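Read the structure below first, then the notes.
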2 protein chains.
Amino acid sequence: MSKNQKKISEKTIERLSAYRRYLKDLLKKGKDRVYSHELSQIVSGTAAQVRRDLMEVGCNGCSSKGYEISLLIEEISKLLDCSDKQNIALIGVGNLGRALLGYFSGSRDNFDIVAAFDSDPGKSGRIICGRRCYDMEQLPAMLGELKINTAILAVPAESAEKVAQTLIESGIKAILNFAPRHITTGSGVFIETLDMTSALEKAIYFSRKNTQQRKST
Amino acid sequence: MSKNQKKISEKTIERLSAYRRYLKDLLKKGKDRVYSHELSQIVSGTAAQVRRDLMEVGCNGCSSKGYEISLLIEEISKLLDCSDKQNIALIGVGNLGRALLGYFSGSRDNFDIVAAFDSDPGKSGRIICGRRCYDMEQLPAMLGELKINTAILAVPAESAEKVAQTLIESGIKAILNFAPRHITTGSGVFIETLDMTSALEKAIYFSRKNTQQRKST
DNA sequence: CTAAAGTTGTGAAATATTGCACAGCGTGAT
DNA sequence: ATCACGCTGTGCAATATTTCACAACTTTAG
Ligand SMILES: NC(=O)c1ccc[n+]([C@@H]2O[C@H](COP(=O)([O-])OP(=O)(O)OC[C@H]3O[C@@H](n4cnc5c(N)ncnc54)[C@H](O)[C@@H]3O)[C@@H](O)[C@H]2O)c1
Ligand SMILES: NC(=O)c1ccc[n+]([C@@H]2O[C@H](COP(=O)([O-])OP(=O)(O)OC[C@H]3O[C@@H](n4cnc5c(N)ncnc54)[C@H](O)[C@@H]3O)[C@@H](O)[C@H]2O)c1
């Protein structure tokens, strides 16, 4: 019962998220069915890969007619989303943090950044992009109070590990880290580091090699 | 001659970039040698993986003493960097674009954002974060003039594909795309899409499954 | 000088991920 | 009713990536 599905790969989860976003677009445009080969284009994969991904959410496809978009969205959401809207915390309201706050706050229906934290007294206490910014001392209490278990980390690299440690001790379960620092954790906390500098240097590197296009997500 | 190494994987390139950044830190702190198991921690891999990565740049390791940091930085740079500093363009000077501009401009010695472009007349013509912002009409000419072959794309999703097409036609060789849209290209242009929303939804998903930590880059 | 400890370089095994190819099914045409 | 067509679901092959494991080498201790 607790083990209905064994394990879905990270790559698949990422693609499912991308599929869903695209499917919502399609739905808005009035489409109601979609084929795997159409979906495959938005992640530069093959149709077979899409079908395999969709198998993980319980196949809803129908031969010849493809997948029903609204049903697919529903099924993907059932897998990805929690029953209730997830509260997210943002740590570090600098240049990047503000951009993220403006981008993610309020616009989604499955999650929301409900609180921001910064060590700078000039920021905490204020309301930024419509969200209250708290002092770091209030972090442990607020995480519990707001039932936050995922955090976005956008503090300078030097502070990243220390802040991450605080987050983990406060019971956070996953961190999306933008600082160019690897976060180590003995516990079962999920850490995803988005390293923009490496990504850019990779792009620069491959701008010189004439590779075929690849990649996704 | 032209085919000195067959092919280095994207993952390896990303890690090499991360190693180098860390190695520069270590050097600044006065260290001069490093072991593979030390490097392995910053990408949450194994020591063997690090050694394998470093083999790609031509092994410089020495039994028992590890790798000489300055030499390693040199060798990685020889692989990753071009002989001359790479000029980068930023397209879309919105909330995210400005953060990126502030972050990447001027601080690196192997690349620099030398020009920004935006379709908004209120932005083009001005100087933002110390960089001139041009009108989109000037894009093709400027890319050639400044010898730019890598671009950062930070425009709204709706415009992303069209702008990417323009970039490719103007001769760009690689794009780091922040818009939540897959860019397709028949040509050999390298496209790297950083999808923050998928990354966040992935983090949220795994905050509920108690996985061991994984991932890097 | 010899042994012990610790590290590199790397073939080979183990995993993870992707792509192929085809059986089976629904649909629409005849 | 039958058939051709196009798409799904999936076993299996093909790749890609990571990890294991060990010989060879360097340094240090005795
Ligand atoms: N700006 C970008 O486009 C960009 C790009 C790639 C990576 N990053 C990374 O993202 C992170 C944030 O970048 P940024 O440009 O927003 O930096 P920033 O300096 O503008 O903002 C950092 C914020 O974190 C706060 N802070 C510092 N120490 C803290 C602590 N211990 N606890 C809580 N808050 C603390 C600061 O007060 C500040 O508001 C950095 O690690 C940076 O390397 C940023
Ligand atoms: N802000 C974030 O933190 C964040 C997070 C994840 C993804 N993104 C993505 O990054 C992109 C930029 O986000 P943003 O928040 O900076 O948006 P934004 O609206 O603040 O900025 C977009 C900028 O692009 C310019 N622009 C629009 N159409 C253009 C065109 N055709 N050619 C040139 N410039 C054009 C606009 O004038 C504006 O300056 C979006 O695709 C967004 O989905 C942003």
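Identifiers in this document derive from the order of the structure tokens: chains are assigned A, B, ..., residues are numbered from 1 separately in each chain, and ligands are numbered from 1 in order of occurrence.
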
Would you give me, as JSON lines, each residue of chain A having an atom within 8 Å of an atom of ligand 2, along with its shortest atom pair and that distance in Å to one decimal, using only C-alpha atoms and all ligand atoms and sorting by chain and residue number?
```
{"residue": "A:Leu96", "atom": "CA", "partner": "ligand 2", "partner_atom_place_in_ligand_line": "3 (O)", "distance": 6.8}
{"residue": "A:Gly97", "atom": "CA", "partner": "ligand 2", "partner_atom_place_in_ligand_line": "3 (O)", "distance": 7.4}
{"residue": "A:Arg98", "atom": "CA", "partner": "ligand 2", "partner_atom_place_in_ligand_line": "3 (O)", "distance": 7.4}
{"residue": "A:Ala99", "atom": "CA", "partner": "ligand 2", "partner_atom_place_in_ligand_line": "3 (O)", "distance": 4.1}
{"residue": "A:Leu100", "atom": "CA", "partner": "ligand 2", "partner_atom_place_in_ligand_line": "3 (O)", "distance": 3.4}
{"residue": "A:Leu101", "atom": "CA", "partner": "ligand 2", "partner_atom_place_in_ligand_line": "3 (O)", "distance": 6.8}
{"residue": "A:Gly102", "atom": "CA", "partner": "ligand 2", "partner_atom_place_in_ligand_line": "1 (N)", "distance": 6.4}
{"residue": "A:Tyr103", "atom": "CA", "partner": "ligand 2", "partner_atom_place_in_ligand_line": "1 (N)", "distance": 4.7}
{"residue": "A:Phe104", "atom": "CA", "partner": "ligand 2", "partner_atom_place_in_ligand_line": "3 (O)", "distance": 7.2}
```

Margin query: Using only C-alpha atoms (C1' of nucleotides) and all ligand atoms, which residues of the polymer chains come no farther than 6 Å from ligand 1? I'd like the answer as number ranges by chain.
Written below: A: 91-97, 118-120, 154-157, 159, 163, 178-180, 196; B: 99-100, 103

Sorted per-residue table, chain B near chain D, closest atoms and distance, 9 Å, only C-alpha atoms (C1' of nucleotides), as a Markdown table:
```
| residue | atom | partner | partner_atom | distance |
| --- | --- | --- | --- | --- |
| B:Gly45 | CA | D:DT18 | C1' | 8.8 |
| B:Thr46 | CA | D:DT19 | C1' | 7.8 |
| B:Ala48 | CA | D:DT19 | C1' | 7.6 |
| B:Gln49 | CA | D:DT18 | C1' | 7.2 |
| B:Cys62 | CA | D:DT26 | C1' | 7.9 |
| B:Ser63 | CA | D:DT26 | C1' | 5.5 |
| B:Ser64 | CA | D:DT26 | C1' | 5.4 |
| B:Lys65 | CA | D:DT26 | C1' | 7.6 |
```

Expected file: the selected residues, N, CA, C and O atoms, as a tab-separated table (two decimals), in the first residue's frame:
```tsv
chain	number	residue	atom	x	y	z
B	45	GLY	N	29.93	12.89	-5.75
B	45	GLY	CA	30.24	11.69	-6.52
B	45	GLY	C	31.26	10.87	-5.77
B	45	GLY	O	31.46	11.05	-4.58
B	46	THR	N	31.89	9.97	-6.47
B	46	THR	CA	32.93	9.16	-5.85
B	46	THR	C	34.30	9.64	-6.32
B	46	THR	O	34.40	10.36	-7.32
B	48	ALA	N	36.49	7.89	-7.65
B	48	ALA	CA	36.78	7.30	-8.94
B	48	ALA	C	36.24	8.16	-10.07
B	48	ALA	O	36.86	8.32	-11.12
B	49	GLN	N	35.07	8.70	-9.83
B	49	GLN	CA	34.47	9.53	-10.87
B	49	GLN	C	35.32	10.78	-11.11
B	49	GLN	O	35.54	11.18	-12.26
B	62	CYS	N	49.48	12.43	-9.06
B	62	CYS	CA	50.70	11.79	-8.62
B	62	CYS	C	50.34	10.94	-7.42
B	62	CYS	O	49.67	11.41	-6.50
B	63	SER	N	50.73	9.70	-7.45
B	63	SER	CA	50.37	8.80	-6.37
B	63	SER	C	50.78	9.41	-5.04
B	63	SER	O	51.83	10.03	-4.94
B	64	SER	N	49.90	9.22	-4.07
B	64	SER	CA	50.22	9.63	-2.70
B	64	SER	C	50.19	11.13	-2.46
B	64	SER	O	49.93	11.57	-1.36
B	65	LYS	N	50.48	11.91	-3.48
B	65	LYS	CA	50.49	13.35	-3.23
B	65	LYS	C	49.25	14.03	-3.83
B	65	LYS	O	49.02	15.21	-3.63
```

Next item on the list: Do me a favour and pick out the residues of chain B within 7 Å of chain A, using only C-alpha atoms, as a ChimeraX atom specification.
Entry: /B:13-14,17-18,42-43,80-81,95-96,99,149-150,173-176,182,188-195,198-207,210-213,215-217

Note to self: Could you go through stretch 9-215 of chain A and tell me which residues DSSP, when run on the backbone, assigns to helix (DSSP H, G or I), listing them as a PyMOL selection string?
What the structure shows: chain A and resi 10-28+36-41+47-56+69-80+95-104+136-145+157-169+196-208

Next item on the list: Hey, list the chain C side of the contact with chain B: 12 Å cut-off, only C-alpha atoms (C1' of nucleotides), answer as a VMD selection string.
Entry: chain C and resid 5 to 10

Take the residues just selected and output them with N, CA and C atoms (P, O5', C5', C4', C3', O3' and C1' of nucleotides) as a PDB file, in the first residue's frame.
```pdb
ATOM      1  P    DA C   5      49.213  -0.700   7.723  1.00  0.00           P
ATOM      2  O5'  DA C   5      49.005   0.721   7.034  1.00  0.00           O
ATOM      3  C5'  DA C   5      49.800   1.820   7.476  1.00  0.00           C
ATOM      4  C4'  DA C   5      49.564   2.992   6.556  1.00  0.00           C
ATOM      5  C3'  DA C   5      48.112   3.110   6.074  1.00  0.00           C
ATOM      6  O3'  DA C   5      47.725   4.465   6.143  1.00  0.00           O
ATOM      7  C1'  DA C   5      49.571   3.041   4.225  1.00  0.00           C
ATOM      8  P    DG C   6      46.170   4.847   5.852  1.00  0.00           P
ATOM      9  O5'  DG C   6      46.310   5.648   4.495  1.00  0.00           O
ATOM     10  C5'  DG C   6      47.366   6.599   4.332  1.00  0.00           C
ATOM     11  C4'  DG C   6      47.413   7.024   2.884  1.00  0.00           C
ATOM     12  C3'  DG C   6      46.028   7.107   2.238  1.00  0.00           C
ATOM     13  O3'  DG C   6      45.969   8.250   1.419  1.00  0.00           O
ATOM     14  C1'  DG C   6      47.403   5.716   0.971  1.00  0.00           C
ATOM     15  P    DT C   7      44.602   8.787   0.833  1.00  0.00           P
ATOM     16  O5'  DT C   7      44.989   8.924  -0.690  1.00  0.00           O
ATOM     17  C5'  DT C   7      46.252   9.486  -1.002  1.00  0.00           C
ATOM     18  C4'  DT C   7      46.559   9.301  -2.467  1.00  0.00           C
ATOM     19  C3'  DT C   7      45.342   9.354  -3.400  1.00  0.00           C
ATOM     20  O3'  DT C   7      45.556  10.217  -4.498  1.00  0.00           O
ATOM     21  C1'  DT C   7      46.586   7.389  -3.780  1.00  0.00           C
ATOM     22  P    DT C   8      44.396  10.442  -5.557  1.00  0.00           P
ATOM     23  O5'  DT C   8      45.092   9.855  -6.857  1.00  0.00           O
ATOM     24  C5'  DT C   8      46.334  10.372  -7.279  1.00  0.00           C
ATOM     25  C4'  DT C   8      46.904   9.496  -8.378  1.00  0.00           C
ATOM     26  C3'  DT C   8      46.060   9.484  -9.661  1.00  0.00           C
ATOM     27  O3'  DT C   8      46.905   9.592 -10.795  1.00  0.00           O
ATOM     28  C1'  DT C   8      46.314   7.283  -8.837  1.00  0.00           C
ATOM     29  P    DG C   9      46.261  10.001 -12.202  1.00  0.00           P
ATOM     30  O5'  DG C   9      46.057   8.593 -12.899  1.00  0.00           O
ATOM     31  C5'  DG C   9      47.196   7.833 -13.258  1.00  0.00           C
ATOM     32  C4'  DG C   9      46.763   6.537 -13.919  1.00  0.00           C
ATOM     33  C3'  DG C   9      45.727   6.700 -15.034  1.00  0.00           C
ATOM     34  O3'  DG C   9      46.077   5.791 -16.065  1.00  0.00           O
ATOM     35  C1'  DG C   9      44.873   5.268 -13.367  1.00  0.00           C
ATOM     36  P    DT C  10      45.280   5.758 -17.420  1.00  0.00           P
ATOM     37  O5'  DT C  10      44.367   4.481 -17.224  1.00  0.00           O
ATOM     38  C5'  DT C  10      44.953   3.233 -16.877  1.00  0.00           C
ATOM     39  C4'  DT C  10      43.868   2.195 -16.683  1.00  0.00           C
ATOM     40  C3'  DT C  10      42.689   2.343 -17.654  1.00  0.00           C
ATOM     41  O3'  DT C  10      42.335   1.053 -18.089  1.00  0.00           O
ATOM     42  C1'  DT C  10      41.900   2.210 -15.479  1.00  0.00           C
TER      43       DT C  10
END
```
